[in-house]
There are 2 protein chains.
Amino acid sequence: MMVINHNNWVMRMSFYTADSLKAELHERGWRLTPQRQIILDIFQNLDAGKHLSAEDLYDLLQTEGHDISLSTIYRTVKLMARMGILRELELAEDHKHYEINQPYHHHHHLICVRCNQTIEFKNESVLKIGDKTSKKEGYHLLDCQLTIHAVCPSCQRSILPVY
Amino acid sequence: MMVINHNNWVMRMSFYTADSLKAELHERGWRLTPQRQIILDIFQNLDAGKHLSAEDLYDLLQTEGHDISLSTIYRTVKLMARMGILRELELAEDHKHYEINQPYHHHHHLICVRCNQTIEFKNESVLKIGDKTSKKEGYHLLDCQLTIHAVCPSCQRSILPVY
DNA sequence: GTCTTATTGAGAATAACTCTCTTTTAATTA
DNA sequence: TAATTAAAAGAGAGTTATTCTCAATAAGAC
Ligand SMILES: [Mn+2]
Ligand SMILES: [Mn+2]
Ligand SMILES: [Zn+2]
Ligand SMILES: [Zn+2]
């Protein structure tokens with residue numbers, strides 16, 4: 001099911017099936033592979049609030065018996081982020097995290113810059129701002145993320161070494 | 001001059017002087033060095049809308065006759081970002097960019113995921129959301145950024161290769 | 001001026017990610 | 001169903017932004 005909201009942003013409201021993923025890939029001249037299907041499956045069934053790095057995803061796939069190479073994983077998550085299927089998150093660590101991009105569960109991140117503790121929060125107006133801004137400039141919206149950098153309560157209490 | 005807004009977020013409204021920078025460093029047991037002063041100076045006098053990578057900053061310093069090592073540059077921008085003096089931006093490229101963090105000139109970024117073209121835009125409510133959210137969780141706000149990932153008009157027209 | 005220790009500079013090390021190249025295979029067509 | 005073609009996968013080398021290490025320097029305190 002696809003829904004077009006009042007601002008004309010096409011939002012996918014339900015999960016992908018093999019067929020709907022295939023259709024979106026074929027639209028662009030690309031192919032549906034078992035690897036892509038399996039990777040999307042992982043993200044669609046991931047608990048809310050969980051993010052995976054490429055390495056995380058590799059390990060998870062291994063434990064489930066799927067031998068998908070790191071190269072393919074890197075290529076696939078980037079591809080899906082550029083399609084708007086996944087969100088590419090820059091949290092506090094030195095690598096990217098990915099999660100499914102579901103407008104219904106659209107949320108944002110509050111990050112402690114010292115201990116990297118991350119809190120998720122929802123805010124209805126952020127998506128509206130992203131929608132309005134991208135539309136105004138003629139851009140096709142894929143995702144918008146509000147990232148708050150801050151110092152958490154316990155880190156405020158401790159004395160901070162520079163390095 | 002420091003101003004406390006209605007939400008209690010301490011916002012620095014004016015430029016740092018050697019003295020005010022020194023004071024903030026000493027508060028944490030750190031030192032004011034010529035290198036830190038020079039680097040902050042660069043950012044404070046940078047044209048609005050310009051962002052510098054570590055490498056950019058290194059080159060700019062060289063042309064101005066300042067021999068500051070890359071190590072020091074990396075350490076300094078990270079330090080100042082964690083103090084809330086600089087904003088650390090994850091734009092579309094594979095390295096970070098930095099700019100001064102001035103609430104008066106607070107703005108956000110709309111990025112084309114295909115050609116990396118970036119548009120800056122302002123939105124008054126974003127800072128309010130960041131303020132409210134961090135306060136609610138007891139976090140000390142440093143910065144908040146809304147990043148919109150999208151496809152620009154000209155990239156929408158072109159046929160997309162996967163890689 | 002002396003002392004302590006944070007900071008700098010130089011270069012090595014790390015690691016996330018990309019690239020290259022060969023092999024495999026998805027999708028199309030006959 | 002078999003043949004064809006080009007996209008995608010896998011393996012591993014390569015790249016590069018960033019961090020780390022350590023000796024030398026210098027900021028700040030007394
Ligand atoms: Mn999340
Ligand atoms: Mn900017
Ligand atoms: Zn913390
Ligand atoms: Zn573009």
# chains A, B, ... in the order shown; residues from 1 in each chain; ligands from 1
>>> interface_residues(of="chain B", to="chain C", cutoff="10 Å", atoms="only C-alpha atoms (C1' of nucleotides)", output="PyMOL selection string")
chain B and resi 29-33+35+68-72+94
>>> write_last_selection(atoms="all heavy atoms", output="compact mmCIF listing (two decimals), in the first residue's frame")
# COMPACT_ATOMS: atom_id res chain seq x y z
N GLY B 29 39.89 22.95 33.00
CA GLY B 29 41.26 22.56 33.28
C GLY B 29 42.13 22.48 32.03
O GLY B 29 43.17 21.82 32.04
N TRP B 30 41.71 23.13 30.98
CA TRP B 30 42.46 23.09 29.74
C TRP B 30 43.19 24.42 29.52
O TRP B 30 43.01 25.36 30.29
CB TRP B 30 41.54 22.79 28.56
CG TRP B 30 40.83 21.48 28.73
CD1 TRP B 30 41.20 20.45 29.54
CD2 TRP B 30 39.61 21.09 28.10
NE1 TRP B 30 40.29 19.42 29.44
CE2 TRP B 30 39.31 19.78 28.57
CE3 TRP B 30 38.75 21.67 27.18
CZ2 TRP B 30 38.19 19.08 28.13
CZ3 TRP B 30 37.64 20.98 26.75
CH2 TRP B 30 37.36 19.69 27.24
N ARG B 31 43.99 24.48 28.46
CA ARG B 31 44.84 25.65 28.25
C ARG B 31 44.53 26.38 26.96
O ARG B 31 44.08 25.77 25.99
CB ARG B 31 46.31 25.22 28.24
CG ARG B 31 46.77 24.67 29.58
CD ARG B 31 48.17 24.13 29.53
NE ARG B 31 48.52 23.54 30.82
CZ ARG B 31 49.68 22.96 31.07
NH1 ARG B 31 50.61 22.89 30.15
NH2 ARG B 31 49.91 22.45 32.27
N LEU B 32 44.78 27.65 27.00
CA LEU B 32 44.68 28.43 25.75
C LEU B 32 46.03 28.41 25.07
O LEU B 32 47.04 28.78 25.66
CB LEU B 32 44.29 29.88 26.05
CG LEU B 32 44.21 30.78 24.82
CD1 LEU B 32 43.12 30.32 23.87
CD2 LEU B 32 44.02 32.24 25.22
N THR B 33 46.03 27.97 23.81
CA THR B 33 47.29 27.95 23.05
C THR B 33 47.12 28.85 21.84
O THR B 33 45.99 29.12 21.41
CB THR B 33 47.61 26.52 22.57
OG1 THR B 33 46.59 26.10 21.67
CG2 THR B 33 47.71 25.56 23.74
N GLN B 35 47.64 28.06 18.86
CA GLN B 35 46.98 27.27 17.82
C GLN B 35 45.46 27.31 17.96
O GLN B 35 44.73 27.50 16.98
CB GLN B 35 47.46 25.81 17.89
CG GLN B 35 48.90 25.58 17.48
CD GLN B 35 49.88 25.73 18.63
OE1 GLN B 35 49.57 26.34 19.67
NE2 GLN B 35 51.08 25.21 18.47
N ILE B 68 50.45 24.96 11.58
CA ILE B 68 49.82 24.13 12.61
C ILE B 68 49.64 22.73 12.03
O ILE B 68 49.16 22.57 10.91
CB ILE B 68 48.46 24.73 13.03
CG1 ILE B 68 48.69 26.16 13.57
CG2 ILE B 68 47.78 23.85 14.05
CD1 ILE B 68 47.43 26.84 14.05
N SER B 69 50.04 21.74 12.81
CA SER B 69 50.04 20.37 12.28
C SER B 69 48.63 19.82 12.12
O SER B 69 47.68 20.25 12.79
CB SER B 69 50.82 19.45 13.21
OG SER B 69 50.08 19.22 14.39
N LEU B 70 48.50 18.86 11.23
CA LEU B 70 47.20 18.21 11.03
C LEU B 70 46.71 17.56 12.31
O LEU B 70 45.51 17.60 12.61
CB LEU B 70 47.31 17.17 9.93
CG LEU B 70 46.69 17.51 8.59
CD1 LEU B 70 46.83 16.35 7.62
CD2 LEU B 70 45.21 17.88 8.73
N SER B 71 47.61 16.96 13.06
CA SER B 71 47.20 16.35 14.34
C SER B 71 46.49 17.36 15.21
O SER B 71 45.42 17.10 15.77
CB SER B 71 48.42 15.82 15.10
OG SER B 71 49.13 14.90 14.33
N THR B 72 47.11 18.51 15.35
CA THR B 72 46.53 19.55 16.20
C THR B 72 45.19 20.02 15.65
O THR B 72 44.25 20.28 16.40
CB THR B 72 47.51 20.72 16.32
OG1 THR B 72 48.70 20.25 16.97
CG2 THR B 72 46.92 21.86 17.12
N ASP B 94 32.98 12.16 2.26
CA ASP B 94 33.51 11.15 3.17
C ASP B 94 34.39 11.74 4.26
O ASP B 94 35.27 11.09 4.80
CB ASP B 94 34.29 10.09 2.38
CG ASP B 94 35.37 10.74 1.53
OD1 ASP B 94 35.43 11.98 1.48
OD2 ASP B 94 36.17 10.00 0.92
>>> residues_around(residues="Asp59 of chain A", least_positions_apart="5", cutoff="12 Å", atoms="only C-alpha atoms (C1' of nucleotides)", output="compact mmCIF listing (two decimals) with C-alpha atoms, in the first residue's frame")
# COMPACT_ATOMS: atom_id res chain seq x y z
CA ILE A 42 16.56 -8.24 8.39
CA LEU A 52 22.91 -1.88 12.45
CA SER A 53 26.34 -1.05 11.15
CA ALA A 54 27.65 -2.91 8.11
CA GLU A 64 21.45 -16.86 10.60
CA GLY A 65 23.47 -18.91 8.15
CA HIS A 66 23.56 -16.38 5.33
CA ASP A 67 26.97 -16.07 3.71
CA ILE A 68 26.75 -12.59 2.24
CA SER A 69 30.04 -10.80 1.68
CA LEU A 70 30.94 -7.52 3.31
CA ILE A 73 26.52 -5.54 2.39
>>> interface_residues(of="chain A", to="chain B", cutoff="6 Å", atoms="only C-alpha atoms", output="MDAnalysis selection string")
chainID A and resid 138:153
>>> write_last_selection(atoms="N, CA, C and O atoms", output="PDB file, in the first residue's frame")
ATOM      1  N   GLY A 138      12.327  21.814  -5.055  1.00  0.00           N
ATOM      2  CA  GLY A 138      12.163  20.859  -6.142  1.00  0.00           C
ATOM      3  C   GLY A 138      12.881  19.546  -5.924  1.00  0.00           C
ATOM      4  O   GLY A 138      13.083  18.778  -6.853  1.00  0.00           O
ATOM      5  N   TYR A 139      13.304  19.284  -4.695  1.00  0.00           N
ATOM      6  CA  TYR A 139      13.999  18.038  -4.393  1.00  0.00           C
ATOM      7  C   TYR A 139      12.991  16.929  -4.108  1.00  0.00           C
ATOM      8  O   TYR A 139      11.907  17.177  -3.592  1.00  0.00           O
ATOM      9  N   HIS A 140      13.391  15.698  -4.397  1.00  0.00           N
ATOM     10  CA  HIS A 140      12.578  14.541  -4.044  1.00  0.00           C
ATOM     11  C   HIS A 140      13.051  14.006  -2.695  1.00  0.00           C
ATOM     12  O   HIS A 140      14.163  13.485  -2.580  1.00  0.00           O
ATOM     13  N   LEU A 141      12.207  14.142  -1.692  1.00  0.00           N
ATOM     14  CA  LEU A 141      12.577  13.793  -0.320  1.00  0.00           C
ATOM     15  C   LEU A 141      12.815  12.294  -0.138  1.00  0.00           C
ATOM     16  O   LEU A 141      12.026  11.472  -0.575  1.00  0.00           O
ATOM     17  N   LEU A 142      13.912  11.961   0.504  1.00  0.00           N
ATOM     18  CA  LEU A 142      14.167  10.562   0.862  1.00  0.00           C
ATOM     19  C   LEU A 142      14.036  10.366   2.369  1.00  0.00           C
ATOM     20  O   LEU A 142      13.420   9.414   2.821  1.00  0.00           O
ATOM     21  N   ASP A 143      14.647  11.272   3.123  1.00  0.00           N
ATOM     22  CA  ASP A 143      14.641  11.128   4.579  1.00  0.00           C
ATOM     23  C   ASP A 143      15.036  12.452   5.207  1.00  0.00           C
ATOM     24  O   ASP A 143      15.754  13.235   4.599  1.00  0.00           O
ATOM     25  N   CYS A 144      14.541  12.709   6.397  1.00  0.00           N
ATOM     26  CA  CYS A 144      15.082  13.847   7.128  1.00  0.00           C
ATOM     27  C   CYS A 144      15.260  13.487   8.594  1.00  0.00           C
ATOM     28  O   CYS A 144      14.436  12.807   9.186  1.00  0.00           O
ATOM     29  N   GLN A 145      16.378  13.905   9.134  1.00  0.00           N
ATOM     30  CA  GLN A 145      16.766  13.518  10.486  1.00  0.00           C
ATOM     31  C   GLN A 145      17.194  14.728  11.288  1.00  0.00           C
ATOM     32  O   GLN A 145      18.024  15.504  10.847  1.00  0.00           O
ATOM     33  N   LEU A 146      16.626  14.845  12.461  1.00  0.00           N
ATOM     34  CA  LEU A 146      17.079  15.864  13.388  1.00  0.00           C
ATOM     35  C   LEU A 146      18.059  15.193  14.352  1.00  0.00           C
ATOM     36  O   LEU A 146      17.714  14.238  15.040  1.00  0.00           O
ATOM     37  N   THR A 147      19.283  15.692  14.376  1.00  0.00           N
ATOM     38  CA  THR A 147      20.282  15.118  15.266  1.00  0.00           C
ATOM     39  C   THR A 147      20.680  16.159  16.290  1.00  0.00           C
ATOM     40  O   THR A 147      21.113  17.256  15.930  1.00  0.00           O
ATOM     41  N   ILE A 148      20.493  15.804  17.550  1.00  0.00           N
ATOM     42  CA  ILE A 148      20.829  16.726  18.626  1.00  0.00           C
ATOM     43  C   ILE A 148      22.098  16.253  19.317  1.00  0.00           C
ATOM     44  O   ILE A 148      22.169  15.127  19.793  1.00  0.00           O
ATOM     45  N   HIS A 149      23.098  17.115  19.334  1.00  0.00           N
ATOM     46  CA  HIS A 149      24.340  16.821  20.045  1.00  0.00           C
ATOM     47  C   HIS A 149      24.293  17.527  21.384  1.00  0.00           C
ATOM     48  O   HIS A 149      24.016  18.727  21.448  1.00  0.00           O
ATOM     49  N   ALA A 150      24.556  16.766  22.430  1.00  0.00           N
ATOM     50  CA  ALA A 150      24.406  17.311  23.776  1.00  0.00           C
ATOM     51  C   ALA A 150      25.266  16.520  24.754  1.00  0.00           C
ATOM     52  O   ALA A 150      25.970  15.593  24.363  1.00  0.00           O
ATOM     53  N   VAL A 151      25.221  16.928  26.012  1.00  0.00           N
ATOM     54  CA  VAL A 151      25.947  16.202  27.059  1.00  0.00           C
ATOM     55  C   VAL A 151      24.920  15.644  28.038  1.00  0.00           C
ATOM     56  O   VAL A 151      24.092  16.390  28.573  1.00  0.00           O
ATOM     57  N   CYS A 152      24.958  14.337  28.247  1.00  0.00           N
ATOM     58  CA  CYS A 152      23.959  13.678  29.080  1.00  0.00           C
ATOM     59  C   CYS A 152      24.192  14.012  30.553  1.00  0.00           C
ATOM     60  O   CYS A 152      25.270  14.474  30.930  1.00  0.00           O
ATOM     61  N   PRO A 153      23.173  13.803  31.384  1.00  0.00           N
ATOM     62  CA  PRO A 153      23.279  14.167  32.803  1.00  0.00           C
ATOM     63  C   PRO A 153      24.506  13.580  33.489  1.00  0.00           C
ATOM     64  O   PRO A 153      25.214  14.292  34.204  1.00  0.00           O
TER      65      PRO A 153
END
>>> interface_residues(of="chain D", to="chain A", cutoff="12 Å", atoms="only C-alpha atoms (C1' of nucleotides)", output="PyMOL selection string")
chain D and resi 6-12+17-20
>>> select_by_dssp(residues="segment 81-111 of chain B", states="strand (DSSP E)", output="list in words")
Leu86, Arg87, Glu88, Leu89, His97, Tyr98, Glu99, Ile100, His108, His109, Leu110 and Ile111 of chain B
>>> write_last_selection(atoms="C-alpha atoms", output="compact mmCIF listing (two decimals), in the first residue's frame")
# COMPACT_ATOMS: atom_id res chain seq x y z
CA LEU B 86 31.92 24.49 16.46
CA ARG B 87 29.33 22.41 14.65
CA GLU B 88 30.46 19.10 13.20
CA LEU B 89 28.63 18.50 9.95
CA HIS B 97 33.05 19.69 7.92
CA TYR B 98 33.10 22.30 10.62
CA GLU B 99 31.57 25.73 11.01
CA ILE B 100 31.07 28.14 13.88
CA HIS B 108 20.29 23.35 8.31
CA HIS B 109 21.22 21.36 5.23
CA LEU B 110 19.34 19.86 2.30
CA ILE B 111 21.62 17.38 0.53
>>> decode(residues="segment 4-27 of chain C", atoms="N, CA and C atoms (P, O5', C5', C4', C3', O3' and C1' of nucleotides)", output="short mmCIF file (atom, residue, chain, number, x, y, z; two decimals), in the first residue's frame")
data_model
loop_
_atom_site.label_atom_id
_atom_site.label_comp_id
_atom_site.auth_asym_id
_atom_site.auth_seq_id
_atom_site.Cartn_x
_atom_site.Cartn_y
_atom_site.Cartn_z
P DT C 4 57.42 18.91 40.08
"O5'" DT C 4 56.03 18.92 39.32
"C5'" DT C 4 54.96 19.68 39.88
"C4'" DT C 4 53.83 19.79 38.86
"C3'" DT C 4 53.50 18.47 38.15
"O3'" DT C 4 52.10 18.29 38.25
"C1'" DT C 4 53.88 20.19 36.56
P DT C 5 51.47 16.87 37.83
"O5'" DT C 5 50.84 17.20 36.42
"C5'" DT C 5 50.05 18.37 36.26
"C4'" DT C 5 49.89 18.66 34.79
"C3'" DT C 5 49.57 17.42 33.94
"O3'" DT C 5 48.69 17.85 32.93
"C1'" DT C 5 51.39 18.50 33.02
P DA C 6 47.36 17.02 32.62
"O5'" DA C 6 46.75 17.98 31.50
"C5'" DA C 6 46.58 19.35 31.81
"C4'" DA C 6 46.87 20.19 30.59
"C3'" DA C 6 46.22 19.70 29.31
"O3'" DA C 6 45.80 20.85 28.60
"C1'" DA C 6 48.58 19.75 29.00
P DT C 7 45.05 20.70 27.21
"O5'" DT C 7 46.28 20.78 26.19
"C5'" DT C 7 46.96 22.01 26.02
"C4'" DT C 7 48.02 21.85 24.97
"C3'" DT C 7 47.53 21.31 23.63
"O3'" DT C 7 47.80 22.29 22.64
"C1'" DT C 7 49.56 20.27 24.31
P DT C 8 47.39 22.10 21.16
"O5'" DT C 8 48.79 21.88 20.43
"C5'" DT C 8 49.87 22.79 20.67
"C4'" DT C 8 51.14 22.19 20.10
"C3'" DT C 8 51.02 21.71 18.66
"O3'" DT C 8 51.95 22.42 17.86
"C1'" DT C 8 52.04 20.06 20.05
P DG C 9 51.85 22.40 16.29
"O5'" DG C 9 52.86 21.22 15.94
"C5'" DG C 9 54.17 21.28 16.46
"C4'" DG C 9 54.98 20.08 15.98
"C3'" DG C 9 54.71 19.64 14.54
"O3'" DG C 9 55.97 19.27 13.99
"C1'" DG C 9 54.26 17.83 16.01
P DA C 10 56.12 19.03 12.43
"O5'" DA C 10 56.42 17.47 12.36
"C5'" DA C 10 57.50 16.94 13.13
"C4'" DA C 10 57.51 15.43 12.99
"C3'" DA C 10 57.08 14.94 11.61
"O3'" DA C 10 58.08 14.07 11.10
"C1'" DA C 10 55.79 13.87 13.32
P DG C 11 57.90 13.38 9.66
"O5'" DG C 11 57.40 11.94 10.04
"C5'" DG C 11 57.99 11.27 11.16
"C4'" DG C 11 57.10 10.09 11.53
"C3'" DG C 11 56.59 9.30 10.31
"O3'" DG C 11 56.70 7.93 10.62
"C1'" DG C 11 54.81 9.88 11.67
P DA C 12 56.56 6.80 9.49
"O5'" DA C 12 56.01 5.60 10.38
"C5'" DA C 12 56.42 5.50 11.75
"C4'" DA C 12 55.31 4.83 12.55
"C3'" DA C 12 54.70 3.62 11.84
"O3'" DA C 12 54.49 2.59 12.80
"C1'" DA C 12 53.01 5.23 12.30
P DA C 13 53.73 1.24 12.38
"O5'" DA C 13 52.22 1.53 12.78
"C5'" DA C 13 51.92 1.86 14.13
"C4'" DA C 13 50.40 1.90 14.30
"C3'" DA C 13 49.67 0.70 13.70
"O3'" DA C 13 48.75 0.25 14.68
"C1'" DA C 13 48.78 2.72 12.83
P DT C 14 47.80 -1.02 14.37
"O5'" DT C 14 46.40 -0.34 14.08
"C5'" DT C 14 45.91 0.64 14.99
"C4'" DT C 14 44.61 1.17 14.45
"C3'" DT C 14 43.68 0.08 13.91
"O3'" DT C 14 42.45 0.22 14.57
"C1'" DT C 14 43.90 1.87 12.36
P DA C 15 41.43 -1.00 14.58
"O5'" DA C 15 40.25 -0.42 13.70
"C5'" DA C 15 39.99 0.97 13.68
"C4'" DA C 15 39.16 1.27 12.46
"C3'" DA C 15 38.35 0.08 11.94
"O3'" DA C 15 37.16 0.56 11.38
"C1'" DA C 15 39.73 0.85 10.25
P DA C 16 35.77 -0.10 11.78
"O5'" DA C 16 34.76 0.77 10.90
"C5'" DA C 16 34.83 2.18 10.98
"C4'" DA C 16 34.75 2.75 9.59
"C3'" DA C 16 33.65 2.15 8.72
"O3'" DA C 16 32.95 3.22 8.12
"C1'" DA C 16 35.73 2.03 7.59
P DC C 17 31.55 2.95 7.39
"O5'" DC C 17 32.02 2.85 5.88
"C5'" DC C 17 32.81 3.94 5.37
"C4'" DC C 17 33.53 3.48 4.14
"C3'" DC C 17 32.64 2.86 3.05
"O3'" DC C 17 32.43 3.87 2.07
"C1'" DC C 17 34.82 1.87 3.19
P DT C 18 31.68 3.54 0.70
"O5'" DT C 18 32.89 3.28 -0.32
"C5'" DT C 18 33.96 4.20 -0.34
"C4'" DT C 18 34.99 3.74 -1.36
"C3'" DT C 18 34.40 3.34 -2.72
"O3'" DT C 18 35.26 3.90 -3.71
"C1'" DT C 18 35.70 1.57 -1.87
P DC C 19 34.85 3.94 -5.25
"O5'" DC C 19 36.10 3.24 -5.97
"C5'" DC C 19 37.21 2.87 -5.20
"C4'" DC C 19 38.09 1.89 -5.96
"C3'" DC C 19 37.64 1.51 -7.37
"O3'" DC C 19 38.79 1.40 -8.18
"C1'" DC C 19 37.67 -0.42 -6.00
P DT C 20 38.64 1.15 -9.77
"O5'" DT C 20 39.39 -0.23 -10.02
"C5'" DT C 20 40.27 -0.77 -9.02
"C4'" DT C 20 40.63 -2.20 -9.39
"C3'" DT C 20 40.21 -2.64 -10.80
"O3'" DT C 20 41.17 -3.54 -11.30
"C1'" DT C 20 39.13 -3.99 -9.22
P DC C 21 41.19 -3.93 -12.88
"O5'" DC C 21 41.03 -5.51 -12.84
"C5'" DC C 21 41.55 -6.24 -11.72
"C4'" DC C 21 40.84 -7.59 -11.63
"C3'" DC C 21 40.27 -8.09 -12.97
"O3'" DC C 21 40.53 -9.48 -13.08
"C1'" DC C 21 38.58 -8.06 -11.37
P DT C 22 40.35 -10.23 -14.53
"O5'" DT C 22 39.78 -11.64 -14.09
"C5'" DT C 22 40.17 -12.21 -12.82
"C4'" DT C 22 39.00 -12.99 -12.24
"C3'" DT C 22 38.27 -13.86 -13.27
"O3'" DT C 22 38.21 -15.20 -12.77
"C1'" DT C 22 36.73 -12.55 -12.05
P DT C 23 37.42 -16.30 -13.64
"O5'" DT C 23 36.05 -16.44 -12.82
"C5'" DT C 23 36.10 -16.60 -11.39
"C4'" DT C 23 34.68 -16.62 -10.85
"C3'" DT C 23 33.75 -17.61 -11.56
"O3'" DT C 23 33.04 -18.31 -10.56
"C1'" DT C 23 32.79 -15.44 -11.58
P DT C 24 31.97 -19.45 -10.97
"O5'" DT C 24 30.58 -18.72 -10.68
"C5'" DT C 24 30.39 -18.11 -9.40
"C4'" DT C 24 29.12 -17.29 -9.43
"C3'" DT C 24 27.88 -18.07 -9.90
"O3'" DT C 24 26.88 -17.86 -8.93
"C1'" DT C 24 28.05 -16.02 -11.05
P DT C 25 25.59 -18.73 -8.92
"O5'" DT C 25 24.49 -17.70 -9.44
"C5'" DT C 25 24.45 -16.40 -8.88
"C4'" DT C 25 23.48 -15.57 -9.70
"C3'" DT C 25 22.28 -16.33 -10.24
"O3'" DT C 25 21.19 -15.44 -10.28
"C1'" DT C 25 23.34 -15.31 -12.00
P DA C 26 19.85 -15.74 -9.51
"O5'" DA C 26 19.00 -14.45 -9.87
"C5'" DA C 26 19.51 -13.16 -9.53
"C4'" DA C 26 18.97 -12.14 -10.52
"C3'" DA C 26 17.51 -12.32 -10.90
"O3'" DA C 26 16.96 -11.02 -10.99
"C1'" DA C 26 18.87 -12.52 -12.85
P DA C 27 15.40 -10.83 -11.20
"O5'" DA C 27 15.32 -10.63 -12.79
"C5'" DA C 27 15.92 -9.47 -13.35
"C4'" DA C 27 15.87 -9.58 -14.86
"C3'" DA C 27 14.50 -9.88 -15.46
"O3'" DA C 27 14.24 -8.88 -16.41
"C1'" DA C 27 16.14 -11.29 -16.40
#
